[in-house]
>>> print(open('target27.cif').read())   # mmCIF, C-alpha atoms
data_structure
loop_
_atom_site.label_atom_id
_atom_site.label_comp_id
_atom_site.auth_asym_id
_atom_site.auth_seq_id
_atom_site.Cartn_x
_atom_site.Cartn_y
_atom_site.Cartn_z
CA MET A 16 104.09 57.75 -23.42
CA PRO A 17 101.46 55.78 -25.32
CA ILE A 18 97.98 56.06 -23.86
CA SER A 19 97.82 52.26 -23.52
CA TYR A 20 100.55 52.32 -20.85
CA TYR A 21 98.33 54.48 -18.68
CA ILE A 22 95.37 52.20 -19.41
CA PHE A 23 97.37 49.15 -18.34
CA LEU A 24 98.65 50.84 -15.20
CA ALA A 25 95.12 51.85 -14.22
CA VAL A 26 93.80 48.35 -14.97
CA ILE A 27 96.53 46.78 -12.83
CA ILE A 28 95.86 49.08 -9.87
CA PHE A 29 92.10 48.59 -10.24
CA SER A 30 92.52 44.80 -10.28
CA ILE A 31 94.70 44.94 -7.19
CA GLY A 32 91.89 46.87 -5.50
CA VAL A 33 89.31 44.27 -6.56
CA THR A 34 91.56 41.47 -5.30
CA GLY A 35 91.97 43.26 -2.00
CA VAL A 36 88.23 43.56 -1.57
CA LEU A 37 87.89 39.84 -2.27
CA ILE A 38 90.65 38.47 -0.04
CA ARG A 39 90.62 40.75 3.02
CA ARG A 40 88.15 40.55 5.87
CA ASN A 41 89.11 43.72 7.71
CA ALA A 42 86.42 46.28 6.87
CA ILE A 43 88.89 49.17 6.93
CA ILE A 44 91.20 47.43 4.45
CA VAL A 45 88.23 46.75 2.18
CA PHE A 46 87.43 50.44 2.38
CA MET A 47 91.03 51.34 1.49
CA CYS A 48 90.88 49.05 -1.53
CA ILE A 49 87.82 50.98 -2.72
CA GLU A 50 89.93 54.15 -2.50
CA LEU A 51 92.58 52.38 -4.55
CA MET A 52 90.04 51.61 -7.27
CA LEU A 53 88.80 55.20 -7.27
CA ASN A 54 92.37 56.41 -7.73
CA ALA A 55 92.94 54.06 -10.66
CA VAL A 56 89.88 55.54 -12.36
CA ASN A 57 91.09 59.06 -11.59
CA LEU A 58 94.43 58.32 -13.21
CA LEU A 59 92.68 57.04 -16.32
CA LEU A 60 90.45 60.14 -16.49
CA VAL A 61 93.44 62.47 -16.35
CA ALA A 62 95.29 60.46 -19.01
CA PHE A 63 92.31 60.56 -21.34
CA SER A 64 91.76 64.27 -20.72
CA LYS A 65 95.35 64.92 -21.84
CA TYR A 66 94.80 62.66 -24.85
CA HIS A 67 91.56 64.43 -25.80
CA HIS A 68 93.24 67.80 -25.38
CA GLN A 69 96.01 66.81 -27.73
CA ARG A 70 93.66 65.41 -30.37
CA MET A 71 91.46 68.52 -30.29
CA LEU A 72 94.53 70.74 -30.67
CA VAL A 73 95.35 68.94 -33.91
CA LEU A 74 91.86 69.60 -35.23
CA ASP A 75 91.53 73.19 -34.05
CA ALA A 76 94.62 74.99 -32.78
CA SER A 77 92.58 77.74 -31.09
CA ASN A 78 90.71 75.31 -28.85
CA THR A 79 93.14 75.29 -25.94
CA THR A 80 90.76 74.21 -23.18
CA ALA A 81 89.44 70.92 -24.58
CA GLY A 82 89.68 68.15 -22.04
CA THR A 83 89.26 70.35 -18.99
CA GLU A 84 86.07 68.53 -18.07
CA GLY A 85 87.93 65.28 -17.45
CA GLN A 86 90.09 66.89 -14.80
CA LEU A 87 87.06 68.57 -13.23
CA PHE A 88 85.41 65.16 -12.97
CA VAL A 89 88.47 63.92 -11.11
CA PHE A 90 88.07 66.84 -8.73
CA PHE A 91 84.43 65.96 -8.11
CA ILE A 92 85.29 62.28 -7.62
CA MET A 93 87.76 63.34 -4.91
CA VAL A 94 85.05 65.47 -3.28
CA VAL A 95 82.58 62.59 -3.25
CA ALA A 96 85.26 60.16 -2.01
CA ALA A 97 86.07 62.44 0.92
CA ALA A 98 82.40 62.64 1.92
CA GLU A 99 82.02 58.88 1.48
CA VAL A 100 85.04 58.12 3.64
CA SER A 101 83.83 60.31 6.50
CA VAL A 102 80.42 58.65 6.61
CA GLY A 103 81.79 55.14 6.00
CA LEU A 104 84.39 55.39 8.76
CA ALA A 105 81.70 56.66 11.13
CA ILE A 106 79.63 53.59 10.29
CA ILE A 107 82.64 51.30 10.86
CA VAL A 108 83.35 52.96 14.22
CA MET A 109 79.71 52.47 15.19
CA MET A 110 79.91 48.82 14.16
CA TYR A 111 83.11 48.37 16.14
CA ARG A 112 81.43 49.78 19.23
CA SER A 113 78.58 47.32 19.04
CA VAL A 114 80.40 44.10 18.07
CA HIS A 115 84.04 44.96 19.02
CA SER A 116 85.39 43.78 15.69
CA VAL A 117 85.80 45.09 12.17
CA ASP A 118 85.59 41.64 10.63
CA ILE A 119 83.11 41.87 7.78
CA ASN A 120 81.77 38.43 8.66
CA PHE A 121 80.25 40.05 11.73
CA LEU A 122 78.25 42.45 9.59
CA ASN A 123 75.28 40.11 9.60
CA ARG A 124 74.95 40.73 13.33
CA LEU A 125 73.64 44.21 12.58
CA LYS A 126 70.20 42.71 12.22
CA ASN A 127 70.07 41.82 15.93
CA MET B 26 115.10 56.45 -22.72
CA ASP B 27 114.77 60.02 -21.50
CA LYS B 28 114.08 61.36 -18.04
CA PHE B 29 110.32 61.36 -18.60
CA GLN B 30 110.23 57.65 -19.39
CA ILE B 31 112.47 56.79 -16.44
CA ALA B 32 110.15 58.76 -14.15
CA PHE B 33 107.10 57.05 -15.67
CA TRP B 34 108.44 53.54 -15.13
CA PHE B 35 109.71 54.31 -11.65
CA LEU B 36 106.37 55.80 -10.57
CA SER B 37 104.43 52.93 -12.14
CA ALA B 38 106.56 50.31 -10.40
CA LEU B 39 106.23 52.20 -7.12
CA ALA B 40 102.44 52.46 -7.46
CA VAL B 41 101.96 48.78 -8.30
CA PHE B 42 104.39 47.59 -5.62
CA SER B 43 102.83 49.66 -2.86
CA ALA B 44 99.32 48.73 -3.99
CA LEU B 45 100.30 45.07 -3.68
CA MET B 46 101.74 45.79 -0.25
CA VAL B 47 98.43 47.39 0.78
CA ILE B 48 96.50 44.18 0.24
CA THR B 49 99.13 41.75 1.54
CA ARG B 50 100.30 43.29 4.84
CA ARG B 51 98.69 41.77 7.92
CA ASN B 52 99.06 44.91 10.02
CA PRO B 53 96.46 47.50 8.92
CA VAL B 54 98.72 50.44 9.86
CA TYR B 55 101.30 49.29 7.31
CA SER B 56 98.52 49.06 4.74
CA VAL B 57 97.57 52.68 5.36
CA LEU B 58 101.19 53.81 5.05
CA TYR B 59 101.66 51.91 1.79
CA LEU B 60 98.39 53.38 0.48
CA ILE B 61 99.81 56.86 1.15
CA LEU B 62 102.87 55.84 -0.88
CA THR B 63 100.56 54.74 -3.71
CA PHE B 64 98.81 58.11 -3.65
CA PHE B 65 102.13 59.91 -3.85
CA ALA B 66 103.10 57.81 -6.87
CA ILE B 67 99.80 58.63 -8.57
CA SER B 68 100.35 62.31 -7.79
CA GLY B 69 103.71 61.98 -9.52
CA HIS B 70 101.89 60.64 -12.57
CA TYR B 71 99.59 63.68 -12.48
CA LEU B 72 102.64 65.94 -12.39
CA LEU B 73 104.12 64.12 -15.40
CA MET B 74 100.88 64.84 -17.26
CA ASN B 75 101.10 68.50 -16.21
CA ALA B 76 97.91 68.24 -14.12
CA GLN B 77 99.45 70.27 -11.33
CA PHE B 78 96.22 71.21 -9.56
CA LEU B 79 95.10 67.59 -9.32
CA ALA B 80 98.52 66.48 -8.11
CA ILE B 81 98.41 68.93 -5.22
CA VAL B 82 94.74 68.22 -4.44
CA ASN B 83 95.46 64.49 -4.49
CA ILE B 84 98.20 64.91 -1.90
CA ILE B 85 96.21 67.32 0.26
CA VAL B 86 92.87 65.51 0.18
CA TYR B 87 93.88 61.87 -0.08
CA ALA B 88 97.27 61.58 1.58
CA GLY B 89 96.64 64.48 3.93
CA ALA B 90 93.04 64.21 5.01
CA ILE B 91 91.53 60.85 4.14
CA MET B 92 94.51 58.73 5.12
CA VAL B 93 94.93 60.59 8.39
CA LEU B 94 91.27 59.85 9.07
CA PHE B 95 91.95 56.17 8.39
CA LEU B 96 94.95 56.23 10.72
CA PHE B 97 92.93 57.92 13.46
CA VAL B 98 90.19 55.31 13.21
CA LEU B 99 92.71 52.44 13.18
CA MET B 100 94.46 53.73 16.26
CA LEU B 101 91.14 54.42 17.94
CA MET B 102 90.22 50.78 17.46
CA ASN B 103 93.54 49.47 18.76
CA LEU B 104 93.85 47.05 15.85
CA ASN B 105 97.59 47.48 15.41
CA LYS B 106 98.26 43.96 16.54
CA GLU B 107 97.85 40.92 14.35
CA SER B 108 94.12 40.97 14.80
CA GLU B 109 93.01 39.64 11.45
CA PRO B 110 92.14 35.95 11.80
CA GLN B 111 93.46 33.54 9.22
CA ARG B 112 91.03 33.10 6.41
CA ASN B 113 90.35 29.97 4.48
CA LYS B 114 93.33 29.53 2.13
CA TYR B 115 91.17 28.40 -0.77
CA LEU B 116 89.15 31.60 -0.57
CA ILE B 117 92.33 33.69 -0.74
CA TRP B 118 93.48 31.76 -3.79
CA ALA B 119 90.04 32.14 -5.36
CA GLY B 120 90.10 35.88 -4.76
CA GLY B 121 93.60 36.25 -6.16
CA ILE B 122 92.77 34.22 -9.24
CA SER B 123 89.55 36.18 -9.82
CA GLY B 124 91.38 39.50 -9.59
CA GLY B 125 94.14 38.26 -11.88
CA LEU B 126 91.62 37.02 -14.41
CA LEU B 127 89.85 40.39 -14.34
CA MET B 128 93.16 42.12 -15.03
CA TYR B 129 93.99 39.65 -17.80
CA VAL B 130 90.62 40.07 -19.52
CA LEU B 131 90.71 43.87 -19.33
CA ILE B 132 94.26 44.08 -20.67
CA ALA B 133 93.52 41.58 -23.45
CA ALA B 134 90.39 43.51 -24.40
CA LEU B 135 92.05 46.94 -24.37
CA GLU B 136 95.33 46.04 -26.02
CA SER B 137 95.98 47.84 -29.27
CA PRO B 138 99.11 47.44 -31.39
CA ASP B 139 99.73 51.11 -32.25
CA SER B 140 98.29 53.18 -29.48
CA PRO B 141 98.63 56.96 -29.89
CA LYS B 142 100.93 58.90 -27.63
CA ILE B 143 99.76 61.52 -25.17
CA THR B 144 101.70 64.71 -24.69
CA GLN B 145 105.13 65.17 -23.29
CA PRO B 146 105.65 66.85 -19.90
CA GLY B 147 105.13 70.58 -19.86
CA ALA B 148 102.88 70.47 -22.91
CA GLY B 149 99.29 71.60 -22.58
CA SER B 150 98.02 73.90 -19.88
CA ILE B 151 94.58 72.44 -19.13
CA GLY B 152 95.75 71.10 -15.77
CA LEU B 153 96.87 74.46 -14.48
CA ILE B 154 94.90 76.12 -11.74
CA SER B 155 93.89 79.18 -13.78
CA ASN B 156 92.18 77.16 -16.48
CA LEU B 157 90.51 74.74 -14.07
CA GLY B 158 89.39 77.55 -11.77
CA ALA B 159 87.89 79.56 -14.62
CA LYS B 160 85.98 76.53 -15.84
CA LEU B 161 84.90 75.54 -12.33
CA PHE B 162 83.45 78.92 -11.47
CA THR B 163 81.72 79.56 -14.79
CA ASP B 164 80.32 76.37 -16.30
CA TYR B 165 80.47 74.12 -13.26
CA VAL B 166 79.52 76.50 -10.49
CA LEU B 167 76.26 74.70 -9.71
CA PRO B 168 77.86 71.25 -9.18
CA PHE B 169 80.53 72.97 -7.13
CA GLU B 170 77.97 74.51 -4.80
CA ILE B 171 76.01 71.25 -4.63
CA SER B 172 79.20 69.46 -3.57
CA SER B 173 79.45 71.86 -0.63
CA ILE B 174 75.96 70.79 0.43
CA LEU B 175 77.09 67.17 0.04
CA PHE B 176 79.99 67.89 2.38
CA LEU B 177 77.69 69.53 4.90
CA SER B 178 75.32 66.57 4.90
CA ALA B 179 78.24 64.13 5.15
CA MET B 180 79.61 66.06 8.10
CA VAL B 181 76.26 66.08 9.90
CA GLY B 182 75.81 62.38 9.13
CA ALA B 183 79.26 61.49 10.44
CA VAL B 184 78.67 63.43 13.66
CA VAL B 185 75.27 61.82 14.19
CA LEU B 186 76.64 58.34 13.51
CA GLY B 187 79.71 58.83 15.66
CA LYS B 188 77.91 60.21 18.68
CA LYS B 189 78.14 57.90 21.67
CA GLY B 190 74.82 56.56 22.91
CA ASP B 191 71.38 57.99 22.24
#
>>> encode(input="target27.cif", output="structure tokens")
Amino acid sequence: MPISYYIFLAVIIFSIGVTGVLIRRNAIIVFMCIELMLNAVNLLLVAFSKYHHQRMLVLDASNTTAGTEGQLFVFFIMVVAAAEVSVGLAIIVMMYRSVHSVDINFLNRLKN
Amino acid sequence: MDKFQIAFWFLSALAVFSALMVITRRNPVYSVLYLILTFFAISGHYLLMNAQFLAIVNIIVYAGAIMVLFLFVLMLMNLNKESEPQRNKYLIWAGGISGGLLMYVLIAALESPDSPKITQPGAGSIGLISNLGAKLFTDYVLPFEISSILFLSAMVGAVVLGKKGD
């Protein structure tokens, strides 16, 4: 597969995530769209790590671990996303308890 | 068109379709279920690129843990009725057009006539668990340990935020 197919797939999924953030008002859906964008970036990182691995093999056949860093970055992105989701959902639950809605238009009521 | 290409197109179509379903369904529970489908499609892409460790971790962490957390919170909030009020139609159109324009600009900017191919399935072993584990526990052991502290702080923060009353 050409690398550009993976780029286009990641761009399409990322744009769908951006559109979801723009058109939805449910805070949980907005949060899920952020996860969608993170996954698009992860897919692109893995594709480019494979690409880098292949190009480095052409230059130096003994270098069999080039491109490992890209996949480790994906692993760390997943770690950070898991931590972010736990804290973010706790904040949304707290907001729901105080205003009984997850509509992001009610977020400005946090100041009262 | 060999099996690899058929799998690639099928997984791509599945990922894009279920991602569209995520942002268009009114019921949030359906959105979560379609997001799980998207994650499975992306895990299939990882498998096609022989990144087996990431494919499994993606299913375990995203589809297994994070999405179950989302489902728990949704069902805790009792939002599984049509609770999202109708938004201004012009704003929806504006959002859709903005997202489409972003996609158009990125694709137009990144398009190249003869893009190089990446490897076929089964080629390259950087995604296997032995290679990733060796790298993770030699060169990247400090970020790995720091991420455990990040998890601990996130856990404490979530418990403090979620506690009822104070």
>>> closest_atom_pairs(input="target27.cif", of="chain A", to="chain B", cutoff="8 Å", atoms="only C-alpha atoms", output="Markdown table")
| residue | atom | partner | partner_atom | distance |
| --- | --- | --- | --- | --- |
| A:Met16 | CA | B:Lys142 | CA | 5.4 |
| A:Pro17 | CA | B:Lys142 | CA | 3.9 |
| A:Ile18 | CA | B:Lys142 | CA | 5.6 |
| A:Ser19 | CA | B:Ser140 | CA | 6.0 |
| A:Ile22 | CA | B:Leu135 | CA | 8.0 |
| A:Phe23 | CA | B:Ile132 | CA | 6.4 |
| A:Leu24 | CA | B:Ser37 | CA | 6.9 |
| A:Val26 | CA | B:Met128 | CA | 6.3 |
| A:Ile27 | CA | B:Met128 | CA | 6.2 |
| A:Ile28 | CA | B:Val41 | CA | 6.3 |
| A:Ser30 | CA | B:Gly124 | CA | 5.5 |
| A:Ile31 | CA | B:Leu45 | CA | 6.6 |
| A:Gly32 | CA | B:Ala44 | CA | 7.8 |
| A:Val33 | CA | B:Gly124 | CA | 6.0 |
| A:Thr34 | CA | B:Gly124 | CA | 4.7 |
| A:Gly35 | CA | B:Ile48 | CA | 5.1 |
| A:Leu37 | CA | B:Gly120 | CA | 5.2 |
| A:Ile38 | CA | B:Ile117 | CA | 5.1 |
| A:Arg39 | CA | B:Ile48 | CA | 7.4 |
| A:Arg40 | CA | B:Glu109 | CA | 7.5 |
| A:Asn41 | CA | B:Glu109 | CA | 6.8 |
| A:Ile43 | CA | B:Phe95 | CA | 7.8 |
| A:Ile44 | CA | B:Pro53 | CA | 6.9 |
| A:Met47 | CA | B:Leu60 | CA | 7.7 |
| A:Cys48 | CA | B:Ile48 | CA | 7.6 |
| A:Leu51 | CA | B:Ala44 | CA | 7.7 |
| A:Asn54 | CA | B:Ile67 | CA | 7.8 |
| A:Leu58 | CA | B:Ile67 | CA | 7.1 |
| A:Val61 | CA | B:Tyr71 | CA | 7.4 |
| A:Ala62 | CA | B:Met74 | CA | 7.3 |
| A:Lys65 | CA | B:Ile143 | CA | 6.5 |
| A:Tyr66 | CA | B:Ile143 | CA | 5.1 |
| A:His68 | CA | B:Gly149 | CA | 7.7 |
| A:Gln69 | CA | B:Thr144 | CA | 6.8 |
| A:Thr79 | CA | B:Ile151 | CA | 7.5 |
| A:Thr80 | CA | B:Ile151 | CA | 5.8 |
| A:Ala81 | CA | B:Ile151 | CA | 7.6 |
| A:Gly82 | CA | B:Ile151 | CA | 7.1 |
| A:Thr83 | CA | B:Ile151 | CA | 5.7 |
| A:Gln86 | CA | B:Gly152 | CA | 7.1 |
| A:Leu87 | CA | B:Leu157 | CA | 7.1 |
| A:Val89 | CA | B:Leu79 | CA | 7.8 |
| A:Phe90 | CA | B:Leu79 | CA | 7.1 |
| A:Phe91 | CA | B:Ser172 | CA | 7.8 |
| A:Met93 | CA | B:Val86 | CA | 7.5 |
| A:Val94 | CA | B:Ser172 | CA | 7.1 |
| A:Val95 | CA | B:Ser172 | CA | 7.7 |
| A:Ala97 | CA | B:Ile91 | CA | 6.5 |
| A:Ala98 | CA | B:Ala179 | CA | 5.5 |
| A:Glu99 | CA | B:Ala179 | CA | 7.4 |
| A:Val100 | CA | B:Ile91 | CA | 7.1 |
| A:Ser101 | CA | B:Ala183 | CA | 6.1 |
| A:Val102 | CA | B:Ala183 | CA | 4.9 |
| A:Leu104 | CA | B:Val98 | CA | 7.3 |
| A:Ala105 | CA | B:Gly187 | CA | 5.4 |
| A:Ile106 | CA | B:Leu186 | CA | 6.5 |
| A:Val108 | CA | B:Gly187 | CA | 7.1 |
| A:Met109 | CA | B:Gly187 | CA | 6.4 |
| A:Tyr111 | CA | B:Met102 | CA | 7.6 |
| A:Asp118 | CA | B:Glu109 | CA | 7.7 |
>>> atom_distance(input="target27.cif", atom1="CA of Phe46 (chain A)", atom2="CA of Gly85 (chain A)")
24.8 Å
>>> atom_distance(input="target27.cif", atom1="CA of Ile154 (chain B)", atom2="CA of Gly69 (chain B)")
16.8 Å
>>> atom_distance(input="target27.cif", atom1="CA of Ala88 (chain B)", atom2="CA of Ile61 (chain B)")
5.4 Å
>>> build_atoms(input="target27.cif", residues="region 19-34 of chain A", atoms="N, CA and C atoms", output="mmCIF file, in the coordinates of the input")
data_model
loop_
_atom_site.group_PDB
_atom_site.id
_atom_site.type_symbol
_atom_site.label_atom_id
_atom_site.label_comp_id
_atom_site.auth_asym_id
_atom_site.auth_seq_id
_atom_site.Cartn_x
_atom_site.Cartn_y
_atom_site.Cartn_z
ATOM 1 N N SER A 19 98.128 53.610 -24.007
ATOM 2 C CA SER A 19 97.820 52.260 -23.520
ATOM 3 C C SER A 19 98.625 51.941 -22.262
ATOM 4 N N TYR A 20 99.803 52.568 -22.077
ATOM 5 C CA TYR A 20 100.550 52.320 -20.850
ATOM 6 C C TYR A 20 99.761 52.800 -19.647
ATOM 7 N N TYR A 21 99.139 53.973 -19.790
ATOM 8 C CA TYR A 21 98.330 54.480 -18.680
ATOM 9 C C TYR A 21 97.113 53.597 -18.457
ATOM 10 N N ILE A 22 96.522 53.100 -19.567
ATOM 11 C CA ILE A 22 95.370 52.200 -19.410
ATOM 12 C C ILE A 22 95.790 50.956 -18.637
ATOM 13 N N PHE A 23 96.939 50.384 -19.000
ATOM 14 C CA PHE A 23 97.370 49.150 -18.340
ATOM 15 C C PHE A 23 97.695 49.397 -16.877
ATOM 16 N N LEU A 24 98.330 50.528 -16.595
ATOM 17 C CA LEU A 24 98.650 50.840 -15.200
ATOM 18 C C LEU A 24 97.368 50.972 -14.375
ATOM 19 N N ALA A 25 96.372 51.681 -14.947
ATOM 20 C CA ALA A 25 95.120 51.850 -14.220
ATOM 21 C C ALA A 25 94.405 50.522 -14.045
ATOM 22 N N VAL A 26 94.449 49.664 -15.071
ATOM 23 C CA VAL A 26 93.800 48.350 -14.970
ATOM 24 C C VAL A 26 94.469 47.513 -13.889
ATOM 25 N N ILE A 27 95.815 47.572 -13.836
ATOM 26 C CA ILE A 27 96.530 46.780 -12.830
ATOM 27 C C ILE A 27 96.173 47.257 -11.425
ATOM 28 N N ILE A 28 96.165 48.575 -11.213
ATOM 29 C CA ILE A 28 95.860 49.080 -9.870
ATOM 30 C C ILE A 28 94.409 48.768 -9.514
ATOM 31 N N PHE A 29 93.503 48.897 -10.496
ATOM 32 C CA PHE A 29 92.100 48.590 -10.240
ATOM 33 C C PHE A 29 91.927 47.111 -9.867
ATOM 34 N N SER A 30 92.644 46.221 -10.578
ATOM 35 C CA SER A 30 92.520 44.800 -10.280
ATOM 36 C C SER A 30 93.093 44.464 -8.911
ATOM 37 N N ILE A 31 94.159 45.153 -8.532
ATOM 38 C CA ILE A 31 94.700 44.940 -7.190
ATOM 39 C C ILE A 31 93.660 45.353 -6.147
ATOM 40 N N GLY A 32 92.949 46.452 -6.425
ATOM 41 C CA GLY A 32 91.890 46.870 -5.500
ATOM 42 C C GLY A 32 90.780 45.848 -5.419
ATOM 43 N N VAL A 33 90.369 45.295 -6.570
ATOM 44 C CA VAL A 33 89.310 44.270 -6.560
ATOM 45 C C VAL A 33 89.776 43.047 -5.785
ATOM 46 N N THR A 34 91.030 42.625 -6.022
ATOM 47 C CA THR A 34 91.560 41.470 -5.300
ATOM 48 C C THR A 34 91.578 41.716 -3.800
#
